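Presented below is the structure to which this report refers.
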Amino acid sequence: MINAQQTPTDDIKNYLHVAAEEKREGRLRPAALKPTVLALYETYLDRVTDEDGPAVDLSISEFDQKELVKNARYLGLVYFKKLRIGILSSTPSKRCPYCYQVKASQVDHYLPKAQFGEYTVYSPNLVPICNICNGKKLNKFVRPGGGRRFLHPYFDRLPDGPVRYLTARVSIRQSVLINFEVVQPAQMSDELWSVHLNQFTELDLALRYTDDAIDTVNGMLLSLRHNFSIGGGAKVAEELRIEQASRTYLYGPNHWWPVTLEALAASAAFCDGGFNVLDPIRAVVV
């Protein structure tokens with residue numbers, strides 16, 4: 001995961017705009033619910049960071065929740081265009097904060113609007129996401145046994161700098177196998193770690209990172225053979241470490257690509273010719 005920066009906006013003004021537009025069309029509940037909704041805006045941070053997981057506010061009836069959910073249609077209109085653009089541009093390289101693989105192409109409700117209609121147009125609840133992660137996250141927000149299900153891109157902060165929490169292992173069999181896992185660094189609290197691990201599992205990030213790593217390494221075969229021919233395994237490892245430093249500078253130490261390069265450079269079996277088992281047709285992913 002990577003962090004996103006909130007896009008500045010006036011959330012009270014935005015809600016009043018939506019309520020006024022709804023009233024103009026004969027729908028009065030958003031305006032009537034203004035005191036309740038604005039009061040819940042004040043409790044948002046406490047709710048999304050509650051270790052037991054966010055709880056649905058039962059003071060809002062099922063009917064009113066459905067009325068508030070209808071406010072989502074305004075997010076696609078011109079009034080919210082600047083906010084939409086800001087949200088999709090709020091991470092490094094505009095990438096999805098959940099996987100850090102591909103561009104964030106959608107604006108997601110961190111707390112699902114079906115259960116938390118009060119936050120339908122509330123900017124802290126609107127986060128960037130890719131279509132793959134959104135399809136896996138769906139309307140889930142609390143783990144079956146209790147506790148938060150996903151990290152919040154704006155409010156949860158993973159350790160910065162050289163601290164590592166993503167690792168990879170390389171093994172050579174019929175092809176090159178690369179397995180990813182997350183580890184808990186000393187700088188990460190137990191609660192944050194449990195949410196991070198759950199997110200890594202539910203979004204299938206280990207398998208998704210492996211798919212990308214295998215595809216990319218297959219494309220390196222000619223370069224690997226060239227470096228081996230001029231300097232053996234030591235030259236292969238040296239060039240991998242140089243590329244790792246470049247990718248770490250671009251993406252940080254916990255992106256799947258520099259993590260992959262580090263694991264490959266550390267594998268004597270790979271650098272000493274094991275890469276020759278690479279074949280795009282025979283590549284195996286586990």
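Please note that chains go A, B, ... in the order of the structure tokens, that every chain numbers its residues from 1, and that ligands are numbered from 1 in the order shown.
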
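Within 7 Å of range 141-145 of chain A there are Gly53, Pro54, Leu111, Asn139, Gly147, Arg148, Arg149 and Phe150 of chain A, counting only C-alpha atoms and ignoring same-chain residues fewer than 2 positions away.
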
Output of the above residues as a short mmCIF file (atom, residue, chain, number, x, y, z; two decimals), in the first residue's frame, restricted to C-alpha atoms:
```cif
data_model
loop_
_atom_site.label_atom_id
_atom_site.label_comp_id
_atom_site.auth_asym_id
_atom_site.auth_seq_id
_atom_site.Cartn_x
_atom_site.Cartn_y
_atom_site.Cartn_z
CA GLY A 53 -14.08 -1.83 12.82
CA PRO A 54 -16.49 0.91 11.71
CA LEU A 111 -16.92 2.99 3.86
CA ASN A 139 -18.79 -3.51 0.22
CA GLY A 147 -11.60 -5.37 13.32
CA ARG A 148 -10.90 -3.12 10.39
CA ARG A 149 -10.70 -4.86 7.02
CA PHE A 150 -8.69 -2.44 4.88
#
```

How close does each residue of range 123-190 of chain A get to range 58-80 of chain A, giving the shortest atom pair and distance in Å to one decimal for every residue with an atom at most 12 Å away, counting only C-alpha atoms, sorted by chain and residue number, as JSON lines?
```
{"residue": "A:Ser123", "atom": "CA", "partner": "A:Phe80", "partner_atom": "CA", "distance": 10.2}
{"residue": "A:Asn125", "atom": "CA", "partner": "A:Ala72", "partner_atom": "CA", "distance": 12.0}
{"residue": "A:Leu126", "atom": "CA", "partner": "A:Leu75", "partner_atom": "CA", "distance": 9.9}
```

Test item: residues at most 10 Å from His152 in chain A, only C-alpha atoms, excluding those fewer than 5 positions along its chain, as a PyMOL selection string: chain A and resi 1-4+48-49+97-98+110-111+124-125+127+157+195

Can those selected residues be exported to a file as a PDB file, in the first residue's frame so that it contains N, CA and C atoms?
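Written out: part_0.pdb:
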```pdb
ATOM      1  N   MET A   1       0.832  -1.195   0.000  1.00  0.00           N
ATOM      2  CA  MET A   1       0.000   0.000   0.000  1.00  0.00           C
ATOM      3  C   MET A   1       0.867   1.245   0.000  1.00  0.00           C
ATOM      4  N   ILE A   2       0.385   2.304  -0.636  1.00  0.00           N
ATOM      5  CA  ILE A   2       1.002   3.613  -0.542  1.00  0.00           C
ATOM      6  C   ILE A   2      -0.046   4.602  -0.044  1.00  0.00           C
ATOM      7  N   ASN A   3       0.435   5.695   0.487  1.00  0.00           N
ATOM      8  CA  ASN A   3      -0.478   6.685   1.030  1.00  0.00           C
ATOM      9  C   ASN A   3      -0.970   7.639  -0.052  1.00  0.00           C
ATOM     10  N   ALA A   4      -2.151   8.174   0.162  1.00  0.00           N
ATOM     11  CA  ALA A   4      -2.722   9.195  -0.724  1.00  0.00           C
ATOM     12  C   ALA A   4      -2.901  10.481   0.077  1.00  0.00           C
ATOM     13  N   VAL A  48     -13.561   5.349  11.307  1.00  0.00           N
ATOM     14  CA  VAL A  48     -12.758   4.557  10.368  1.00  0.00           C
ATOM     15  C   VAL A  48     -11.481   4.010  10.994  1.00  0.00           C
ATOM     16  N   THR A  49     -11.065   4.568  12.131  1.00  0.00           N
ATOM     17  CA  THR A  49      -9.852   4.065  12.787  1.00  0.00           C
ATOM     18  C   THR A  49     -10.157   3.241  14.039  1.00  0.00           C
ATOM     19  N   PRO A  97      -3.600   3.108  -4.403  1.00  0.00           N
ATOM     20  CA  PRO A  97      -2.928   3.027  -3.103  1.00  0.00           C
ATOM     21  C   PRO A  97      -3.033   1.652  -2.451  1.00  0.00           C
ATOM     22  N   TYR A  98      -3.950   0.818  -2.908  1.00  0.00           N
ATOM     23  CA  TYR A  98      -4.137  -0.492  -2.289  1.00  0.00           C
ATOM     24  C   TYR A  98      -3.123  -1.515  -2.792  1.00  0.00           C
ATOM     25  N   TYR A 110     -14.608   4.485   0.693  1.00  0.00           N
ATOM     26  CA  TYR A 110     -13.884   3.625   1.632  1.00  0.00           C
ATOM     27  C   TYR A 110     -14.871   2.897   2.535  1.00  0.00           C
ATOM     28  N   LEU A 111     -15.781   3.626   3.183  1.00  0.00           N
ATOM     29  CA  LEU A 111     -16.920   2.993   3.859  1.00  0.00           C
ATOM     30  C   LEU A 111     -18.035   2.896   2.832  1.00  0.00           C
ATOM     31  N   PRO A 124     -13.217  12.796   2.645  1.00  0.00           N
ATOM     32  CA  PRO A 124     -12.321  11.830   3.286  1.00  0.00           C
ATOM     33  C   PRO A 124     -12.723  10.374   3.041  1.00  0.00           C
ATOM     34  N   ASN A 125     -13.984  10.155   2.655  1.00  0.00           N
ATOM     35  CA  ASN A 125     -14.444   8.792   2.383  1.00  0.00           C
ATOM     36  C   ASN A 125     -14.289   8.414   0.912  1.00  0.00           C
ATOM     37  N   VAL A 127     -11.854   7.696  -2.028  1.00  0.00           N
ATOM     38  CA  VAL A 127     -10.442   7.348  -2.182  1.00  0.00           C
ATOM     39  C   VAL A 127     -10.179   6.791  -3.579  1.00  0.00           C
ATOM     40  N   ARG A 157      -0.805   5.295   8.069  1.00  0.00           N
ATOM     41  CA  ARG A 157       0.534   5.577   7.581  1.00  0.00           C
ATOM     42  C   ARG A 157       1.459   4.396   7.862  1.00  0.00           C
ATOM     43  N   VAL A 195      -4.385  -5.325  10.057  1.00  0.00           N
ATOM     44  CA  VAL A 195      -5.182  -4.808   8.939  1.00  0.00           C
ATOM     45  C   VAL A 195      -4.400  -4.929   7.642  1.00  0.00           C
TER      46      VAL A 195
END
```

Pairwise distance for CA of Cys271 in chain A and CA of Tyr165 in chain A, rounded to one decimal in Å: 24.4 Å

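The two atoms in question, CA of Ser223 in chain A and CA of Val102 in chain A, are spaced 25.2 Å apart.
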
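For the residues A:Pro162, A:Pro258, A:Gly135, A:Gly231, ranking by smallest atom-to-atom distance to Glu243 in chain A using only C-alpha atoms places A:Pro258 first.
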
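The residues of range 169-270 of chain A that DSSP classifies as strand (DSSP E), using the backbone of this structure, are Arg169, Val170, Ser171, Ile172, Val176, Leu177, Ile178, Asn179, Phe180, Glu181 and Val182 of chain A.
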
Find the residues of range 237-281 of chain A that sit at most 12 Å from range 201-210 of chain A; for each, write down the nearest two atoms and how far apart they are in Å, to one decimal. Count only C-alpha atoms. Sort by chain, then by number going up, and give it as CSV.
```
residue,atom,partner,partner_atom,distance
A:Asn254,CA,A:Tyr209,CA,11.5
A:His255,CA,A:Tyr209,CA,9.2
A:Trp256,CA,A:Tyr209,CA,6.1
A:Trp257,CA,A:Tyr209,CA,8.5
A:Pro258,CA,A:Tyr209,CA,11.6
A:Val259,CA,A:Tyr209,CA,10.2
A:Thr260,CA,A:Thr210,CA,9.0
```

DSSP-assigned helix (DSSP H, G or I) members of range 16-153 of chain A, reported as an NGL selection string: :A and (16-24 or 29-32 or 34-41 or 44-48 or 62-76 or 78-88 or 92-94 or 117-119 or 123-125 or 131-137)

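For range 9-22 of chain A, the set of protein, DNA and RNA residues having any atom at most 7 Å away, when counting only C-alpha atoms and skipping those fewer than 6 positions along the same chain, is A:Leu28, A:Pro30, A:Ala31, A:Asn71, A:Val121, A:Tyr122, A:Ser123.
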
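Each of A:Tyr154, A:Val182, A:Ala268, A:Val176 was checked against Gly232 in chain A using only C-alpha atoms; the smallest atom-to-atom distance is that of A:Ala268.
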
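One finds CA of Gln101 in chain A at 11.2 Å from CA of Asp211 in chain A.
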
Counting only C-alpha atoms, the option among A:Thr36, A:Ser105, A:Asn276, A:Asn131 closest to Arg225 in chain A: A:Asn276

Contacts of range 272-274 of chain A within 9 Å, only C-alpha atoms, excl. fewer than 3 positions in-chain, as a VMD selection string: chain A and resid 172 to 173 175 to 176 224 to 225 228 232 to 234 236 to 237 267 to 269 277 to 278
